Amino acid sequence: MNDAAPNAAPQTFYLKDYKPFGYEVESVKLTFQLSPNATKVHSAIRFTPKADAEDNRFFLHGEQLSLISAKIDGTPVTARLVDGGLECDVPRRSFLWEAEVEIDPAADTALEGLYMSNGMYCTQCEAEGFRKITYYPDRPDVMSTFTVRIEGNEPVMLSNGNPTGAGEGWAEWHDPWPKPAYLFALVAGDLVNHPGSFTTKSGKDVELNIWVRPGDEGKCAFGMEALKKSMKWDEDVYGLEYDLDLFNIVAVDDFNMGAMENKGLNIFNSSCVLASPETSTDANFERIEAIIAHEYFHNWTGNRITCRDWFQLCLKEGLTVFRDAQFTADMRSEPVKRIEDVIALRARQFPEDGGPLAHPPRPEEFQEINNFYTATVYEKGAEVIGMLKRLVGDDNYYKALNLYFERHDGQACTIEDWLKVFEDATGRDLSQFKLWYSQAGTPRVKVSEEYADGTYTLTFEQSTPPTPGQPEKAPRVIPMAVGLLSPNGDEVRATEVLELTEAKQSFTFDGLASKPVPSILREFSAPVILERETTNSERAFLLAHDTDPFNRWEAGNALAKEVRVAMVLDGTAPDAAYLDALEKLVRDDEQDPAFRALVLSPPSQSDIAQTLHERGHTPDPQKIYDAAETFTQTLAQQLETSLPRLYAATTVEGPYVPDADGAGKRALNSRILSLLTRLDGGEQAARQYASADNMTQQYAALAALMKAEKGEAQSQAFFEQWQDDRLVMDKWFALQIACAAPEATAATAKELTQHPLFSMKNPNRFRAVMGALAGNHAGFHHASGAGYQLLAENLIALDSVNPQTTARMCAAFQTWKRYDSKRQAQIQTELERILATSGLSRDTHEMVSRMLSA
């Protein structure tokens, strides 16, 4: 439902306009009488006016509600329905507000508030979904305890907190910890539980459950173990214990997000919790482990301490993403995790920072908060936390975090509160560091060097390009981790963190016997773009000798990028020296298989397009695709004699275990298989597909065959085997498009939207198809414009059904200005067509308007 007049400019909200709510909410009691089309919700809320309130207006948010009655202290009152909620005259004393409303969960296709998912009642209240359940001050700084009674015929009825009673047709729950409404949750349906337990370090026994639909019980064990590991890790590393008697997770098929951290009742997209060796890949297992950890860690960094307003979203999300990255690094491979995070940051956040959707981690304004659940808020927000930890040191970081939990437990906080804790704990002035929260854009750091008489000097110049609404940028604090290597590969200076605080700054290193080779931005110590004139021979040297794993990978990645760019611009053959270096590395059995797999994974075609754009060239998606194909074929031929041995050496024998060691070997094995398939006509891949007893190997074989246009029979067999498993079928849908040739990509995607198993109402299935279309770089950007047209058509169709998913998928167009004039005109036409759609949601209106105004 559109909340404004059709195609009217939506209201803009500003951080500077923040005012506290004028009333304390002492307690909340809710009663739900469940019915698919006519659920009744009775609320009894105790309000007390604040003596120092700036605004005494009694306004409660509410959307898509049918008001049945309203009372104050038991006496009926007349409430005034206004835009976005209701107003009422209330006494200047403590009073009990009661209201009864009726809602229609079955009609809620936007998947916000209380909705139905295949017959199951489910809620999603972040960011502003609770206002679709009942009238309430739906803002994160209003916190209260909740008591909930659920009445209905569902076998299982769950809410936040601890159960306090149950009987035939009813269940009651109480959450003793004050929380904002966005953390409210209710689930009711035919569910079965996978039980577990955990004893906290203080000796409290906690009951654990993962609730799933009947038939999914066999896919819960890994998730349960991940939850226990998360709880133990949070105690060991941060000293944080769980604070309720019960922790529930529910798997839901229709969900806009990955998961939601509702207090004591985490609701998960089923793709982010259900796992088995037969149906899930190594990547699925690692993602599930990380997301379960993320949502659990929110219990303190998001729930016990939440954000004052939605402008502060990165306070809870950036910190929790940083914490779940720490967890994954500890559970798996720290260097590989860091590299993977940087790859994702550059693929998602850097384009966001450099385009029309750029915004600071803490924005100053928004129209629809759902549009700011972005890579900038999450991933860049986490990078900011990482920089802060690097600047103050590990001991001071944990000292500050202890103070944060002690000082702000039970509060709704701001970025200022967060930084003040660090200033008080460390004595540092963080006023300049705060610019990371208020300035958009990715800083560029240009590096030059001098060497004379044993003294080596590095000079850094930082600048940040203009972004929408921010033409000028002040210098930021940038922690630059630097090490120095001698010409023979020895490390002559260990890693040192240099603090850049000025637009131009120099640092000297004395007592060196010869000019060193610098290793700059180790561990990717800051989310910046490094600009330094260097040579391929130096990159090869760092790839061979750097002691920092990230910079070793970075050197190889930069080499690969240079080779690809030269192939696109000049039509040259792949650089022989680089191919030799790759061969040497991949044959080195002493190296971590996961690291070798990453080095063998080339820069994405979108990354090459961005590199060309930054260097003043107009990227041609077809030429980029052709260069990628030529390079991969050449690499396969270069490794021809080694591939069979490498394949055999990296094949994991025995029962499947989703651990880091096995996952690393399988990742390298899959990369080897894709190269081998280009030479043997798919013989080995076909054998692997036929014998695979786990999804990782089955899917890798199918992908290799389909990419080589050899997998038609296996694709059909895969479909017949897994057509009743919704999550596996998401993989099948996506793979058809990901492996399609550029000229066939849009047609393949269009055909799949007509498939009987396609439904745009299911966010996972829609993202599987349209996300794969946007992710096939050459296919989406095919000169015909068919990819642009197809995505726009589906976004227009989805907008009235699910505005949130529509708006997020619009980001596929955000890099449109880097392409040629013909493609720009094609995309502009589609964006204007979307914007002209009658009744366009404010979510999509904001996204498209921002892109068109660039």
# chains A, B, ... in the order shown; residues from 1 in each chain; ligands from 1
>>> select_by_dssp(residues="range 433-664 of chain A", states="helix (DSSP H, G or I)", output="ChimeraX atom specification")
/A:435-438,522-524,536-545,549-570,576-586,593-600,605-614,621-638,643-650,660-664
>>> residues_around(residues="Glu126 in chain A", least_positions_apart="5", cutoff="8 Å", atoms="only C-alpha atoms", output="JSON, numbers by chain")
{"A": [182, 183, 260]}
>>> residues_around(residues="Ala744 in chain A", least_positions_apart="4", cutoff="12 Å", atoms="only C-alpha atoms", output="PyMOL selection string")
chain A and resi 736-740+748-751+773+776+778-784+786-787
>>> atom_distance(atom1="CA of Thr39 in chain A", atom2="CA of Asp104 in chain A")
6.3 Å
>>> closest_residue(among="A:Gly427, A:Gly489, A:Pro518, A:Pro549", to="Ser448 in chain A", atoms="only C-alpha atoms")
A:Pro518
>>> residues_around(residues="Leu430 in chain A", least_positions_apart="5", cutoff="10 Å", atoms="only C-alpha atoms", output="list in words")
Leu388, Glu416, Leu419, Lys420, Phe422, Glu423, Leu435 and Val477 of chain A
>>> write_last_selection(atoms="all heavy atoms", output="mmCIF file, in the first residue's frame")
data_model
loop_
_atom_site.group_PDB
_atom_site.id
_atom_site.type_symbol
_atom_site.label_atom_id
_atom_site.label_comp_id
_atom_site.auth_asym_id
_atom_site.auth_seq_id
_atom_site.Cartn_x
_atom_site.Cartn_y
_atom_site.Cartn_z
ATOM 1 N N LEU A 388 38.482 1.576 14.341
ATOM 2 C CA LEU A 388 38.530 2.077 15.719
ATOM 3 C C LEU A 388 39.309 1.106 16.606
ATOM 4 O O LEU A 388 40.152 1.528 17.421
ATOM 5 C CB LEU A 388 37.101 2.274 16.224
ATOM 6 C CG LEU A 388 36.916 2.964 17.570
ATOM 7 C CD1 LEU A 388 37.613 4.311 17.606
ATOM 8 C CD2 LEU A 388 35.427 3.119 17.874
ATOM 9 N N GLU A 416 27.187 9.326 18.986
ATOM 10 C CA GLU A 416 27.897 10.149 19.965
ATOM 11 C C GLU A 416 28.108 9.390 21.270
ATOM 12 O O GLU A 416 29.183 9.462 21.881
ATOM 13 C CB GLU A 416 27.136 11.453 20.226
ATOM 14 C CG GLU A 416 27.241 12.482 19.113
ATOM 15 C CD GLU A 416 26.392 12.172 17.901
ATOM 16 O OE1 GLU A 416 25.494 11.284 17.996
ATOM 17 O OE2 GLU A 416 26.605 12.789 16.842
ATOM 18 N N LEU A 419 30.985 6.802 20.632
ATOM 19 C CA LEU A 419 32.328 7.371 20.568
ATOM 20 C C LEU A 419 32.756 7.946 21.920
ATOM 21 O O LEU A 419 33.942 7.905 22.269
ATOM 22 C CB LEU A 419 32.394 8.442 19.482
ATOM 23 C CG LEU A 419 32.235 7.926 18.048
ATOM 24 C CD1 LEU A 419 32.269 9.081 17.049
ATOM 25 C CD2 LEU A 419 33.312 6.899 17.703
ATOM 26 N N LYS A 420 31.812 8.468 22.675
ATOM 27 C CA LYS A 420 32.139 9.022 23.996
ATOM 28 C C LYS A 420 32.688 7.923 24.913
ATOM 29 O O LYS A 420 33.601 8.165 25.720
ATOM 30 C CB LYS A 420 30.893 9.647 24.618
ATOM 31 C CG LYS A 420 31.130 10.352 25.963
ATOM 32 C CD LYS A 420 32.033 11.568 25.814
ATOM 33 C CE LYS A 420 31.998 12.498 27.017
ATOM 34 N NZ LYS A 420 32.384 11.853 28.281
ATOM 35 N N PHE A 422 34.481 5.428 24.006
ATOM 36 C CA PHE A 422 35.877 5.196 23.626
ATOM 37 C C PHE A 422 36.766 6.353 24.080
ATOM 38 O O PHE A 422 37.913 6.130 24.502
ATOM 39 C CB PHE A 422 35.979 4.991 22.112
ATOM 40 C CG PHE A 422 35.747 3.570 21.696
ATOM 41 C CD1 PHE A 422 34.458 3.083 21.539
ATOM 42 C CD2 PHE A 422 36.801 2.708 21.491
ATOM 43 C CE1 PHE A 422 34.229 1.767 21.172
ATOM 44 C CE2 PHE A 422 36.597 1.391 21.124
ATOM 45 C CZ PHE A 422 35.308 0.913 20.963
ATOM 46 N N GLU A 423 36.249 7.561 24.009
ATOM 47 C CA GLU A 423 37.038 8.701 24.477
ATOM 48 C C GLU A 423 37.285 8.597 25.986
ATOM 49 O O GLU A 423 38.411 8.838 26.469
ATOM 50 C CB GLU A 423 36.322 10.000 24.134
ATOM 51 C CG GLU A 423 36.331 10.318 22.640
ATOM 52 C CD GLU A 423 35.646 11.634 22.308
ATOM 53 O OE1 GLU A 423 34.704 12.000 23.040
ATOM 54 O OE2 GLU A 423 36.048 12.281 21.332
ATOM 55 N N LEU A 435 34.075 11.673 11.487
ATOM 56 C CA LEU A 435 33.767 11.970 10.086
ATOM 57 C C LEU A 435 33.439 10.705 9.299
ATOM 58 O O LEU A 435 32.729 10.759 8.293
ATOM 59 C CB LEU A 435 34.929 12.706 9.422
ATOM 60 C CG LEU A 435 35.215 14.123 9.928
ATOM 61 C CD1 LEU A 435 36.483 14.667 9.296
ATOM 62 C CD2 LEU A 435 34.031 15.042 9.636
ATOM 63 N N VAL A 477 40.611 10.421 9.725
ATOM 64 C CA VAL A 477 41.632 9.592 10.356
ATOM 65 C C VAL A 477 41.639 8.250 9.628
ATOM 66 O O VAL A 477 40.610 7.567 9.575
ATOM 67 C CB VAL A 477 41.339 9.366 11.846
ATOM 68 C CG1 VAL A 477 42.419 8.476 12.465
ATOM 69 C CG2 VAL A 477 41.234 10.680 12.580
#
>>> residues_around(residues="Glu235 in chain A", least_positions_apart="5", cutoff="9 Å", atoms="only C-alpha atoms", output="ChimeraX atom specification")
/A:200-201,230,240-242
>>> atom_distance(atom1="CA of Asp490 in chain A", atom2="CA of Phe541 in chain A")
11.4 Å
>>> residues_around(residues="range 826-829 of chain A", least_positions_apart="3", cutoff="12 Å", atoms="only C-alpha atoms", output="ChimeraX atom specification")
/A:780-793,810,812-823,832-836,848-849,851-854
>>> atom_distance(atom1="CA of Ala741 in chain A", atom2="CA of Asp570 in chain A")
23.2 Å
>>> closest_residue(among="A:Asp394, A:Glu502, A:Glu368, A:Glu531", to="Arg808 in chain A", atoms="only C-alpha atoms")
A:Glu368
>>> residues_around(residues="range 159-173 of chain A", least_positions_apart="2", cutoff="8 Å", atoms="only C-alpha atoms", output="PyMOL selection string")
chain A and resi 147-154+157+175-176+184-187+244-246+262-265
>>> select_by_dssp(residues="range 49-125 of chain A", states="strand (DSSP E or B)", output="number ranges by chain")
A: 49, 59-61, 66-72, 75-76, 80-82, 85-87, 95-103, 113-117, 120-124
>>> closest_residue(among="A:Ala581, A:Leu798, A:Met231, A:Leu191", to="Asp216 in chain A", atoms="only C-alpha atoms")
A:Leu191
